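What follows is the content of work.tsv (TSV, N, CA and C atoms).
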```
chain	number	residue	atom	x	y	z
N	1	MET	N	-16.86	-10.43	6.40
N	1	MET	CA	-15.96	-9.89	5.40
N	1	MET	C	-15.02	-11.01	4.95
N	2	SER	N	-14.86	-11.16	3.65
N	2	SER	CA	-13.97	-12.21	3.12
N	2	SER	C	-12.51	-11.84	3.32
N	3	ASN	N	-11.63	-12.82	3.17
N	3	ASN	CA	-10.20	-12.56	3.27
N	3	ASN	C	-9.76	-11.52	2.25
N	4	ASP	N	-10.27	-11.64	1.01
N	4	ASP	CA	-9.91	-10.67	-0.02
N	4	ASP	C	-10.31	-9.26	0.39
N	5	GLU	N	-11.50	-9.13	0.95
N	5	GLU	CA	-11.96	-7.81	1.39
N	5	GLU	C	-11.11	-7.28	2.54
N	6	GLN	N	-10.68	-8.15	3.42
N	6	GLN	CA	-9.81	-7.72	4.53
N	6	GLN	C	-8.47	-7.23	4.00
N	7	TRP	N	-7.89	-7.96	3.04
N	7	TRP	CA	-6.61	-7.54	2.48
N	7	TRP	C	-6.76	-6.25	1.68
N	8	MET	N	-7.89	-6.09	0.98
N	8	MET	CA	-8.12	-4.84	0.26
N	8	MET	C	-8.24	-3.68	1.24
N	9	ALA	N	-8.92	-3.90	2.35
N	9	ALA	CA	-9.03	-2.86	3.37
N	9	ALA	C	-7.65	-2.48	3.89
N	10	HIS	N	-6.78	-3.46	4.05
N	10	HIS	CA	-5.41	-3.17	4.50
N	10	HIS	C	-4.67	-2.34	3.45
N	11	ALA	N	-4.82	-2.69	2.18
N	11	ALA	CA	-4.19	-1.92	1.11
N	11	ALA	C	-4.72	-0.49	1.09
N	12	LEU	N	-6.01	-0.33	1.32
N	12	LEU	CA	-6.59	1.02	1.36
N	12	LEU	C	-6.07	1.82	2.56
N	13	SER	N	-5.82	1.15	3.68
N	13	SER	CA	-5.25	1.86	4.83
N	13	SER	C	-3.82	2.30	4.53
N	14	LEU	N	-3.08	1.50	3.77
N	14	LEU	CA	-1.74	1.92	3.35
N	14	LEU	C	-1.82	3.10	2.40
N	15	ALA	N	-2.82	3.10	1.53
N	15	ALA	CA	-3.03	4.24	0.63
N	15	ALA	C	-3.31	5.50	1.43
N	16	LYS	N	-4.08	5.38	2.48
N	16	LYS	CA	-4.36	6.53	3.34
N	16	LYS	C	-3.08	7.05	3.98
N	17	GLN	N	-2.19	6.15	4.36
N	17	GLN	CA	-0.90	6.55	4.93
N	17	GLN	C	-0.12	7.36	3.90
N	18	ALA	N	-0.13	6.93	2.65
N	18	ALA	CA	0.55	7.67	1.59
N	18	ALA	C	-0.06	9.06	1.45
N	19	GLU	N	-1.38	9.12	1.45
N	19	GLU	CA	-2.07	10.40	1.31
N	19	GLU	C	-1.70	11.36	2.45
N	20	LEU	N	-1.62	10.85	3.66
N	20	LEU	CA	-1.25	11.68	4.81
N	20	LEU	C	0.16	12.24	4.68
N	21	GLN	N	1.01	11.56	3.90
N	21	GLN	CA	2.38	12.03	3.67
N	21	GLN	C	2.47	12.95	2.45
N	22	GLY	N	1.33	13.26	1.84
N	22	GLY	CA	1.32	14.13	0.67
N	22	GLY	C	1.60	13.40	-0.63
N	23	GLU	N	1.49	12.09	-0.61
N	23	GLU	CA	1.73	11.27	-1.79
N	23	GLU	C	0.42	10.96	-2.50
N	24	VAL	N	0.53	10.42	-3.71
N	24	VAL	CA	-0.62	9.88	-4.40
N	24	VAL	C	-1.11	8.68	-3.59
N	25	PRO	N	-2.39	8.61	-3.26
N	25	PRO	CA	-2.87	7.57	-2.35
N	25	PRO	C	-2.98	6.19	-3.00
N	26	VAL	N	-1.87	5.47	-3.00
N	26	VAL	CA	-1.82	4.11	-3.52
N	26	VAL	C	-1.14	3.22	-2.49
N	27	GLY	N	-1.80	2.12	-2.16
N	27	GLY	CA	-1.22	1.11	-1.28
N	27	GLY	C	-1.28	-0.23	-1.97
N	28	ALA	N	-0.39	-1.13	-1.59
N	28	ALA	CA	-0.36	-2.45	-2.22
N	28	ALA	C	0.00	-3.51	-1.19
N	29	VAL	N	-0.61	-4.68	-1.36
N	29	VAL	CA	-0.26	-5.85	-0.55
N	29	VAL	C	-0.04	-7.03	-1.48
N	30	ILE	N	0.88	-7.89	-1.09
N	30	ILE	CA	1.09	-9.16	-1.79
N	30	ILE	C	0.78	-10.25	-0.78
N	31	VAL	N	-0.20	-11.08	-1.12
N	31	VAL	CA	-0.69	-12.10	-0.20
N	31	VAL	C	-0.75	-13.43	-0.94
N	32	ARG	N	-0.30	-14.47	-0.28
N	32	ARG	CA	-0.42	-15.83	-0.83
N	32	ARG	C	-0.90	-16.74	0.28
N	33	ASP	N	-1.92	-17.51	0.01
N	33	ASP	CA	-2.50	-18.43	1.01
N	33	ASP	C	-2.82	-17.69	2.31
N	34	ASN	N	-3.34	-16.49	2.16
N	34	ASN	CA	-3.75	-15.64	3.27
N	34	ASN	C	-2.59	-15.23	4.19
N	35	ILE	N	-1.38	-15.23	3.66
N	35	ILE	CA	-0.19	-14.79	4.40
N	35	ILE	C	0.37	-13.56	3.70
N	36	LEU	N	0.57	-12.49	4.46
N	36	LEU	CA	1.11	-11.25	3.91
N	36	LEU	C	2.58	-11.44	3.58
N	37	LEU	N	2.92	-11.30	2.31
N	37	LEU	CA	4.31	-11.44	1.87
N	37	LEU	C	5.00	-10.08	1.73
N	38	GLY	N	4.22	-9.06	1.43
N	38	GLY	CA	4.80	-7.74	1.27
N	38	GLY	C	3.73	-6.68	1.25
N	39	GLU	N	4.12	-5.46	1.57
N	39	GLU	CA	3.19	-4.34	1.55
N	39	GLU	C	3.98	-3.07	1.28
N	40	GLY	N	3.27	-2.07	0.79
N	40	GLY	CA	3.93	-0.80	0.54
N	40	GLY	C	2.93	0.28	0.17
N	41	TRP	N	3.41	1.51	0.09
N	41	TRP	CA	2.60	2.64	-0.33
N	41	TRP	C	3.50	3.58	-1.09
N	42	ASN	N	2.87	4.44	-1.88
N	42	ASN	CA	3.64	5.39	-2.68
N	42	ASN	C	4.49	6.28	-1.79
N	43	GLN	N	5.76	6.46	-2.18
N	43	GLN	CA	6.67	7.32	-1.43
N	43	GLN	C	7.63	8.11	-2.32
N	44	PRO	N	7.36	8.29	-3.62
N	44	PRO	CA	8.35	8.96	-4.46
N	44	PRO	C	8.58	10.42	-4.11
N	45	ILE	N	7.58	11.11	-3.60
N	45	ILE	CA	7.75	12.53	-3.28
N	45	ILE	C	8.62	12.69	-2.04
N	46	VAL	N	8.24	12.03	-0.94
N	46	VAL	CA	8.97	12.21	0.31
N	46	VAL	C	10.37	11.60	0.27
N	47	SER	N	10.54	10.55	-0.54
N	47	SER	CA	11.86	9.90	-0.60
N	47	SER	C	12.72	10.44	-1.74
N	48	HIS	N	12.14	11.35	-2.55
N	48	HIS	CA	12.86	11.89	-3.72
N	48	HIS	C	13.37	10.77	-4.62
N	49	ASP	N	12.54	9.74	-4.76
N	49	ASP	CA	12.90	8.57	-5.56
N	49	ASP	C	11.72	8.22	-6.47
N	50	PRO	N	11.84	8.49	-7.76
N	50	PRO	CA	10.71	8.25	-8.67
N	50	PRO	C	10.34	6.77	-8.80
N	51	THR	N	11.17	5.87	-8.30
N	51	THR	CA	10.85	4.44	-8.38
N	51	THR	C	10.15	3.93	-7.12
N	52	ALA	N	9.91	4.77	-6.15
N	52	ALA	CA	9.34	4.34	-4.86
N	52	ALA	C	7.82	4.24	-4.93
N	53	HIS	N	7.34	3.40	-5.81
N	53	HIS	CA	5.91	3.17	-5.96
N	53	HIS	C	5.44	2.11	-4.97
N	54	ALA	N	4.14	2.09	-4.73
N	54	ALA	CA	3.56	1.13	-3.79
N	54	ALA	C	3.85	-0.31	-4.17
N	55	GLU	N	3.74	-0.61	-5.46
N	55	GLU	CA	3.92	-1.99	-5.89
N	55	GLU	C	5.38	-2.32	-6.01
```

Would you give me this structure, written as structure tokens?
Amino acid sequence: MSNDEQWMAHALSLAKQAELQGEVPVGAVIVRDNILLGEGWNQPIVSHDPTAHAE
């Protein structure tokens, strides 16, 4: 599995976490030179914050 595929798999696992919380299943990772700089998942419903998107 390539590095890109591994990072995509990680983003998909974050999306699954969002889905388990009742959110729209979106996850995001920011990676540079194969180093994770940031990650997140949708949380606007549980946090009551419409700006709490994965990205």

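Distances here use only C-alpha atoms; by that measure, the residue among N:Met1, N:Ala18, N:Met8, N:Ala28 closest to Gln43 of chain N is N:Ala18.
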
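With all atoms listed in the file as the basis for measurement, N:Val31 is the residue among N:Val31, N:Ile45, N:Ala54, N:Leu20 that approaches Trp7 of chain N most closely.
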
Please return the centre and edge lengths, in Å to one decimal, of a box with edges along x, y and z that contains all listed atoms of segment 26-30 of chain N, widened by 3 Å on every side, as lines of an AutoDock Vina configuration file.
```
center_x = -0.4
center_y = -2.4
center_z = -2.0
size_x = 9.0
size_y = 21.7
size_z = 9.0
```

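Take atom CA of Asp4 of chain N and atom CA of Val24 of chain N: the distance between them is 23.0 Å.
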
| request: Could you tell me, as a list in words, which residues of segment 4-49 of chain N DSSP assigns to helix (DSSP H, G or I) when given the backbone? | output: Asp4, Glu5, Gln6, Trp7, Met8, Ala9, His10, Ala11, Leu12, Ser13, Leu14, Ala15, Lys16, Gln17, Ala18, Glu19, Leu20, Pro44, Ile45, Val46 and Ser47 of chain N

| query | With only N, CA and C atoms as the basis for distance, which of N:Gly38, N:Gly27, N:His53, N:Val46 is at the shortest distance from Ala15 of chain N? | reply | N:Gly27

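Taking atom CA of Val29 of chain N and atom C of Asn42 of chain N as the two end points, the separation is 13.1 Å.
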
| task | Could you tell me how far atom N of Arg32 of chain N lies from atom CA of Asn3 of chain N, in Å and to one decimal? | result | 10.7 Å
